[in-house]
Structures are given as structure tokens and as C-alpha cells.
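Enquirer: The file below is protein.cif, mmCIF, C-alpha atoms, pLDDT in the B column; chains and numbers go by the auth columns:
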data_entry
loop_
_atom_site.group_PDB
_atom_site.id
_atom_site.type_symbol
_atom_site.label_atom_id
_atom_site.label_comp_id
_atom_site.label_asym_id
_atom_site.label_seq_id
_atom_site.Cartn_x
_atom_site.Cartn_y
_atom_site.Cartn_z
_atom_site.B_iso_or_equiv
_atom_site.auth_seq_id
_atom_site.auth_asym_id
ATOM 1 C CA MET A 1 13.013 1.212 6.385 66.00 30 A
ATOM 2 C CA LEU A 2 10.603 2.601 3.792 69.00 31 A
ATOM 3 C CA THR A 3 11.795 3.242 0.239 74.00 32 A
ATOM 4 C CA ARG A 4 9.750 5.084 -2.354 70.00 33 A
ATOM 5 C CA SER A 5 9.242 3.107 -5.559 76.00 34 A
ATOM 6 C CA VAL A 6 9.129 4.818 -8.944 75.00 35 A
ATOM 7 C CA PHE A 7 5.602 5.396 -10.258 84.00 36 A
ATOM 8 C CA THR A 8 4.085 8.285 -12.192 83.00 37 A
ATOM 9 C CA GLY A 9 0.765 10.105 -12.379 89.00 38 A
ATOM 10 C CA ASN A 10 -1.736 9.152 -9.714 91.00 39 A
ATOM 11 C CA ASN A 11 0.273 6.054 -8.699 92.00 40 A
ATOM 12 C CA ILE A 12 2.489 5.997 -5.618 89.00 41 A
ATOM 13 C CA GLY A 13 4.509 3.068 -4.266 88.00 42 A
ATOM 14 C CA TYR A 14 6.680 2.055 -1.338 85.00 43 A
ATOM 15 C CA ILE A 15 8.815 -0.897 -0.289 84.00 44 A
ATOM 16 C CA LEU A 16 8.979 -1.712 3.426 80.00 45 A
ATOM 17 C CA ASP A 17 12.053 -3.612 4.587 76.00 46 A
ATOM 18 C CA GLY A 18 12.363 -4.133 8.323 71.00 47 A
ATOM 19 C CA VAL A 19 11.000 -1.889 11.045 69.00 48 A
ATOM 20 C CA MET A 20 9.825 1.595 10.184 70.00 49 A
ATOM 21 C CA ASP A 21 10.140 4.435 12.699 72.00 50 A
ATOM 22 C CA MET A 22 7.476 7.071 13.329 74.00 51 A
ATOM 23 C CA LYS A 23 9.328 9.684 11.263 80.00 52 A
ATOM 24 C CA SER A 24 9.263 7.381 8.217 76.00 53 A
ATOM 25 C CA LEU A 25 5.583 6.620 8.771 75.00 54 A
ATOM 26 C CA ASN A 26 4.773 10.347 8.999 79.00 55 A
ATOM 27 C CA ASN A 27 6.773 11.038 5.814 82.00 56 A
ATOM 28 C CA PHE A 28 4.875 8.237 4.080 80.00 57 A
ATOM 29 C CA TRP A 29 1.514 9.749 5.037 81.00 58 A
ATOM 30 C CA TYR A 30 2.654 13.264 4.097 86.00 59 A
ATOM 31 C CA GLU A 31 3.747 12.125 0.619 86.00 60 A
ATOM 32 C CA ILE A 32 0.416 10.392 0.086 85.00 61 A
ATOM 33 C CA LEU A 33 -1.461 13.525 1.208 87.00 62 A
ATOM 34 C CA GLU A 34 0.533 15.528 -1.345 89.00 63 A
ATOM 35 C CA LYS A 35 -0.456 13.045 -4.060 89.00 64 A
ATOM 36 C CA LEU A 36 -4.093 13.158 -2.925 88.00 65 A
ATOM 37 C CA ALA A 37 -4.073 16.955 -3.161 91.00 66 A
ATOM 38 C CA SER A 38 -3.136 16.842 -6.840 92.00 67 A
ATOM 39 C CA HIS A 39 -5.229 13.862 -8.031 93.00 68 A
ATOM 40 C CA GLU A 40 -8.900 12.989 -7.742 90.00 69 A
ATOM 41 C CA LYS A 41 -8.076 9.297 -7.146 91.00 70 A
ATOM 42 C CA VAL A 42 -4.784 7.673 -6.144 91.00 71 A
ATOM 43 C CA ASN A 43 -3.437 4.131 -6.584 91.00 72 A
ATOM 44 C CA LEU A 44 -1.179 2.829 -3.790 87.00 73 A
ATOM 45 C CA TYR A 45 1.466 0.064 -4.062 88.00 74 A
ATOM 46 C CA VAL A 46 3.001 -1.266 -0.823 83.00 75 A
ATOM 47 C CA GLU A 47 5.550 -4.096 -0.845 83.00 76 A
ATOM 48 C CA ASP A 48 6.566 -5.692 2.457 78.00 77 A
ATOM 49 C CA GLU A 49 9.840 -7.611 2.194 72.00 78 A
ATOM 50 C CA ASN A 50 9.831 -8.595 5.873 69.00 79 A
ATOM 51 C CA LEU A 51 9.483 -12.379 5.868 58.00 80 A
ATOM 52 C CA ASP A 52 9.558 -12.814 9.645 58.00 81 A
ATOM 53 C CA SER A 53 6.549 -10.938 10.976 55.00 82 A
ATOM 54 C CA PHE A 54 3.433 -8.980 10.236 53.00 83 A
ATOM 55 C CA THR A 55 4.515 -5.603 11.544 56.00 84 A
ATOM 56 C CA LEU A 56 2.310 -2.962 13.130 52.00 85 A
ATOM 57 C CA ASN A 57 3.715 -0.521 10.584 57.00 86 A
ATOM 58 C CA ILE A 58 2.203 -2.344 7.660 59.00 87 A
ATOM 59 C CA ILE A 59 -1.132 -2.606 9.455 59.00 88 A
ATOM 60 C CA LEU A 60 -1.101 1.164 9.943 60.00 89 A
ATOM 61 C CA ILE A 61 -0.177 1.743 6.321 61.00 90 A
ATOM 62 C CA VAL A 62 -2.876 -0.408 4.776 58.00 91 A
ATOM 63 C CA THR A 63 -5.722 0.183 7.228 59.00 92 A
ATOM 64 C CA LEU A 64 -5.860 3.404 9.212 61.00 93 A
ATOM 65 C CA PHE A 65 -4.758 5.789 6.495 62.00 94 A
ATOM 66 C CA PRO A 66 -6.900 4.316 3.694 61.00 95 A
ATOM 67 C CA LEU A 67 -9.928 4.165 6.015 68.00 96 A
ATOM 68 C CA GLU A 68 -9.788 7.911 6.562 73.00 97 A
ATOM 69 C CA TYR A 69 -9.320 8.637 2.854 78.00 98 A
ATOM 70 C CA ALA A 70 -11.096 5.615 1.359 75.00 99 A
ATOM 71 C CA ASP A 71 -13.004 7.698 -1.168 81.00 100 A
ATOM 72 C CA LYS A 72 -9.708 9.060 -2.573 85.00 101 A
ATOM 73 C CA PHE A 73 -8.159 5.644 -3.346 84.00 102 A
ATOM 74 C CA ASP A 74 -8.980 3.754 -6.511 87.00 103 A
ATOM 75 C CA LYS A 75 -6.647 0.762 -6.153 87.00 104 A
ATOM 76 C CA ILE A 76 -4.378 -0.542 -3.418 82.00 105 A
ATOM 77 C CA VAL A 77 -1.827 -3.282 -4.085 83.00 106 A
ATOM 78 C CA PHE A 78 -0.122 -5.091 -1.245 81.00 107 A
ATOM 79 C CA VAL A 79 2.780 -7.401 -2.132 82.00 108 A
ATOM 80 C CA ALA A 80 3.973 -9.680 0.676 77.00 109 A
ATOM 81 C CA PRO A 81 5.017 -13.188 1.660 73.00 110 A
ATOM 82 C CA GLY A 82 2.213 -15.775 1.893 68.00 111 A
ATOM 83 C CA LYS A 83 0.937 -15.756 5.503 63.00 112 A
ATOM 84 C CA LYS A 84 0.170 -12.058 5.461 64.00 113 A
ATOM 85 C CA HIS A 85 -2.543 -12.529 2.852 63.00 114 A
ATOM 86 C CA ASN A 86 -5.163 -13.800 5.344 63.00 115 A
ATOM 87 C CA ALA A 87 -5.074 -10.561 7.316 62.00 116 A
ATOM 88 C CA LEU A 88 -5.264 -8.543 4.117 65.00 117 A
ATOM 89 C CA GLU A 89 -8.339 -10.421 2.931 66.00 118 A
ATOM 90 C CA LYS A 90 -10.108 -9.090 6.033 63.00 119 A
ATOM 91 C CA LEU A 91 -8.999 -5.590 5.085 63.00 120 A
ATOM 92 C CA LYS A 92 -10.583 -6.000 1.652 65.00 121 A
ATOM 93 C CA ARG A 93 -13.957 -6.566 3.296 66.00 122 A
ATOM 94 C CA ILE A 94 -13.548 -3.366 5.346 63.00 123 A
ATOM 95 C CA LEU A 95 -12.584 -1.189 2.390 64.00 124 A
ATOM 96 C CA LYS A 96 -15.317 -2.199 -0.038 68.00 125 A
ATOM 97 C CA ARG A 97 -15.117 1.073 -1.980 68.00 126 A
ATOM 98 C CA VAL A 98 -11.469 0.476 -2.894 73.00 127 A
ATOM 99 C CA THR A 99 -10.243 -2.295 -5.190 79.00 128 A
ATOM 100 C CA ILE A 100 -7.547 -4.155 -3.256 78.00 129 A
ATOM 101 C CA LYS A 101 -5.451 -7.046 -4.522 82.00 130 A
ATOM 102 C CA ASN A 102 -2.772 -9.056 -2.768 82.00 131 A
ATOM 103 C CA PHE A 103 0.229 -10.529 -4.547 87.00 132 A
ATOM 104 C CA GLU A 104 3.099 -12.775 -3.548 86.00 133 A
ATOM 105 C CA VAL A 105 6.523 -11.126 -3.661 87.00 134 A
ATOM 106 C CA LYS A 106 7.466 -13.258 -6.680 91.00 135 A
ATOM 107 C CA ASP A 107 4.524 -11.675 -8.565 92.00 136 A
ATOM 108 C CA ARG A 108 5.498 -8.039 -7.921 90.00 137 A
ATOM 109 C CA GLN A 109 5.655 -7.238 -11.652 93.00 138 A
ATOM 110 C CA TYR A 110 2.042 -8.380 -12.105 93.00 139 A
ATOM 111 C CA ALA A 111 1.086 -6.208 -9.119 92.00 140 A
ATOM 112 C CA ARG A 112 2.702 -3.150 -10.680 91.00 141 A
ATOM 113 C CA LYS A 113 1.035 -3.810 -14.044 93.00 142 A
ATOM 114 C CA TRP A 114 -2.354 -4.223 -12.390 92.00 143 A
ATOM 115 C CA LEU A 115 -1.940 -0.974 -10.444 89.00 144 A
ATOM 116 C CA ILE A 116 -1.206 1.182 -13.478 89.00 145 A
ATOM 117 C CA SER A 117 -3.859 -0.450 -15.697 89.00 146 A
ATOM 118 C CA SER A 118 -7.170 1.338 -16.235 73.00 147 A
#
How would this structure read if it were set down as C-alpha cells?

Expert:
Amino acid sequence: MLTRSVFTGNNIGYILDGVMDMKSLNNFWYEILEKLASHEKVNLYVEDENLDSFTLNIILIVTLFPLEYADKFDKIVFVAPGKKHNALEKLKRILKRVTIKNFEVKDRQYARKWLISS
């Protein structure tokens, strides 16, 4: 399930808990496209609360979509349990034009503060 988190301005955030169906993934992308249409640059916050696995959904969220629109993202924050950070470090090398940071779930407040900072 994907839940929209409250952010304002050019910031948009989501919390992923469990498996996400294709309809939810399409809605996620549509909402981001709407935000991209009204802002020159967008900051994205994605929190994955799934402790058991690194889901394909989260890979799609943080790789394929930002790759296509990399020049429209300023910052991307990914908050997840520890083992997922290695895969996300590889993503940071791919998306060199976007500032990406990874945070542990316990540090979600720092992640949110970093995202909305200038």
C-alpha cells in the first residue's frame, strides 16, 4: 500500500507499506507528473516500511521514474531499513544530477528536514 505523506510546495512524499499494485504505482507516477507540471524542480520523499524484502515496487519508484525525469528532480530521500541502503548507493551513482540521501527509518525526521531545506 502507498500512502501520500503531507508536504507542501515542490516537495512530495509517500510511505510504502507492503506490496503495491499497478494501480497504486500508476497513481504515484501521475501525482508526481502533476507536481512536475507546476514546479521547475521537485523533491521526492519515499519511505519503505517493509522490513522483509527489497520489493520491485520500490526499485521502480526510485530508479525508472527518476531516470526519465532526472533533470526535474532536485532531491530524493529514501528512508528504509538498513540492508536496502547498499542498493540505493548504486542508484546514487546512476543519478549524478540529483542529490540523493538514504536514511534509516529511525531517522525519518532528519530525512524530512533535509528534503525541505534549501

Enquirer: Suppose a student applies the PyMOL selection byres ((chain A and resi 145) around 9) to this structure; what residues should they get, written as a list in words?

Expert: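 Selected by the PyMOL selection byres ((chain A and resi 145) around 9) in this file: Phe36, Thr37, Asn39, Asn40, Asn72, Ala140, Arg141, Lys142, Trp143, Leu144, Ser146 and Ser147 of chain A.
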
Enquirer: Write the selection just made, keeping C-alpha atoms, as a compact mmCIF listing (two decimals), in the frame of the given file?

Expert:
# COMPACT_ATOMS: atom_id res chain seq x y z
CA PHE A 36 5.60 5.40 -10.26
CA THR A 37 4.08 8.28 -12.19
CA ASN A 39 -1.74 9.15 -9.71
CA ASN A 40 0.27 6.05 -8.70
CA ASN A 72 -3.44 4.13 -6.58
CA ALA A 140 1.09 -6.21 -9.12
CA ARG A 141 2.70 -3.15 -10.68
CA LYS A 142 1.03 -3.81 -14.04
CA TRP A 143 -2.35 -4.22 -12.39
CA LEU A 144 -1.94 -0.97 -10.44
CA SER A 146 -3.86 -0.45 -15.70
CA SER A 147 -7.17 1.34 -16.24

Enquirer: In Å, how far is it from CA of Leu65 in chain A to CA of Gly42 in chain A?

Expert: 13.3 Å

Enquirer: What's the separation between CA of Ser67 in chain A and CA of Met49 in chain A, in Å to one decimal place?

Expert: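 It comes out at 26.3 Å.
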
Enquirer: If the PyMOL selection byres ((chain A and resi 34) around 9) is run on the structure shown, which residues does it catch, given as a PyMOL selection string?

Expert: chain A and resi 32-33+35-36+41-44+74-75

Enquirer: Please write as a ChimeraX atom specification the full residue list that the PyMOL selection byres ((chain A and resi 101) around 9) yields on this file.

Expert: /A:65,68-72,95,98-100,102-103,127

Enquirer: Just the selected residues (C-alpha atoms), exported as a PDB file, keeping the file's coordinate frame, please.

Expert:
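File written: selection_13.pdb
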ATOM      1  CA  LEU A  65      -4.093  13.158  -2.925  1.00 88.00           C
ATOM      2  CA  HIS A  68      -5.229  13.862  -8.031  1.00 93.00           C
ATOM      3  CA  GLU A  69      -8.900  12.989  -7.742  1.00 90.00           C
ATOM      4  CA  LYS A  70      -8.076   9.297  -7.146  1.00 91.00           C
ATOM      5  CA  VAL A  71      -4.784   7.673  -6.144  1.00 91.00           C
ATOM      6  CA  ASN A  72      -3.437   4.131  -6.584  1.00 91.00           C
ATOM      7  CA  PRO A  95      -6.900   4.316   3.694  1.00 61.00           C
ATOM      8  CA  TYR A  98      -9.320   8.637   2.854  1.00 78.00           C
ATOM      9  CA  ALA A  99     -11.096   5.615   1.359  1.00 75.00           C
ATOM     10  CA  ASP A 100     -13.004   7.698  -1.168  1.00 81.00           C
ATOM     11  CA  PHE A 102      -8.159   5.644  -3.346  1.00 84.00           C
ATOM     12  CA  ASP A 103      -8.980   3.754  -6.511  1.00 87.00           C
ATOM     13  CA  VAL A 127     -11.469   0.476  -2.894  1.00 73.00           C
TER      14      VAL A 127
END

Enquirer: Identify which of the residues A:Ile61, A:Leu73, A:Val106, A:Leu54 lies closest to Gln138 in chain A, counting only C-alpha atoms when measuring atom-to-atom distances.

Expert: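 Looking only at the distances to Gln138 in chain A, the closest residue turns out to be A:Val106.
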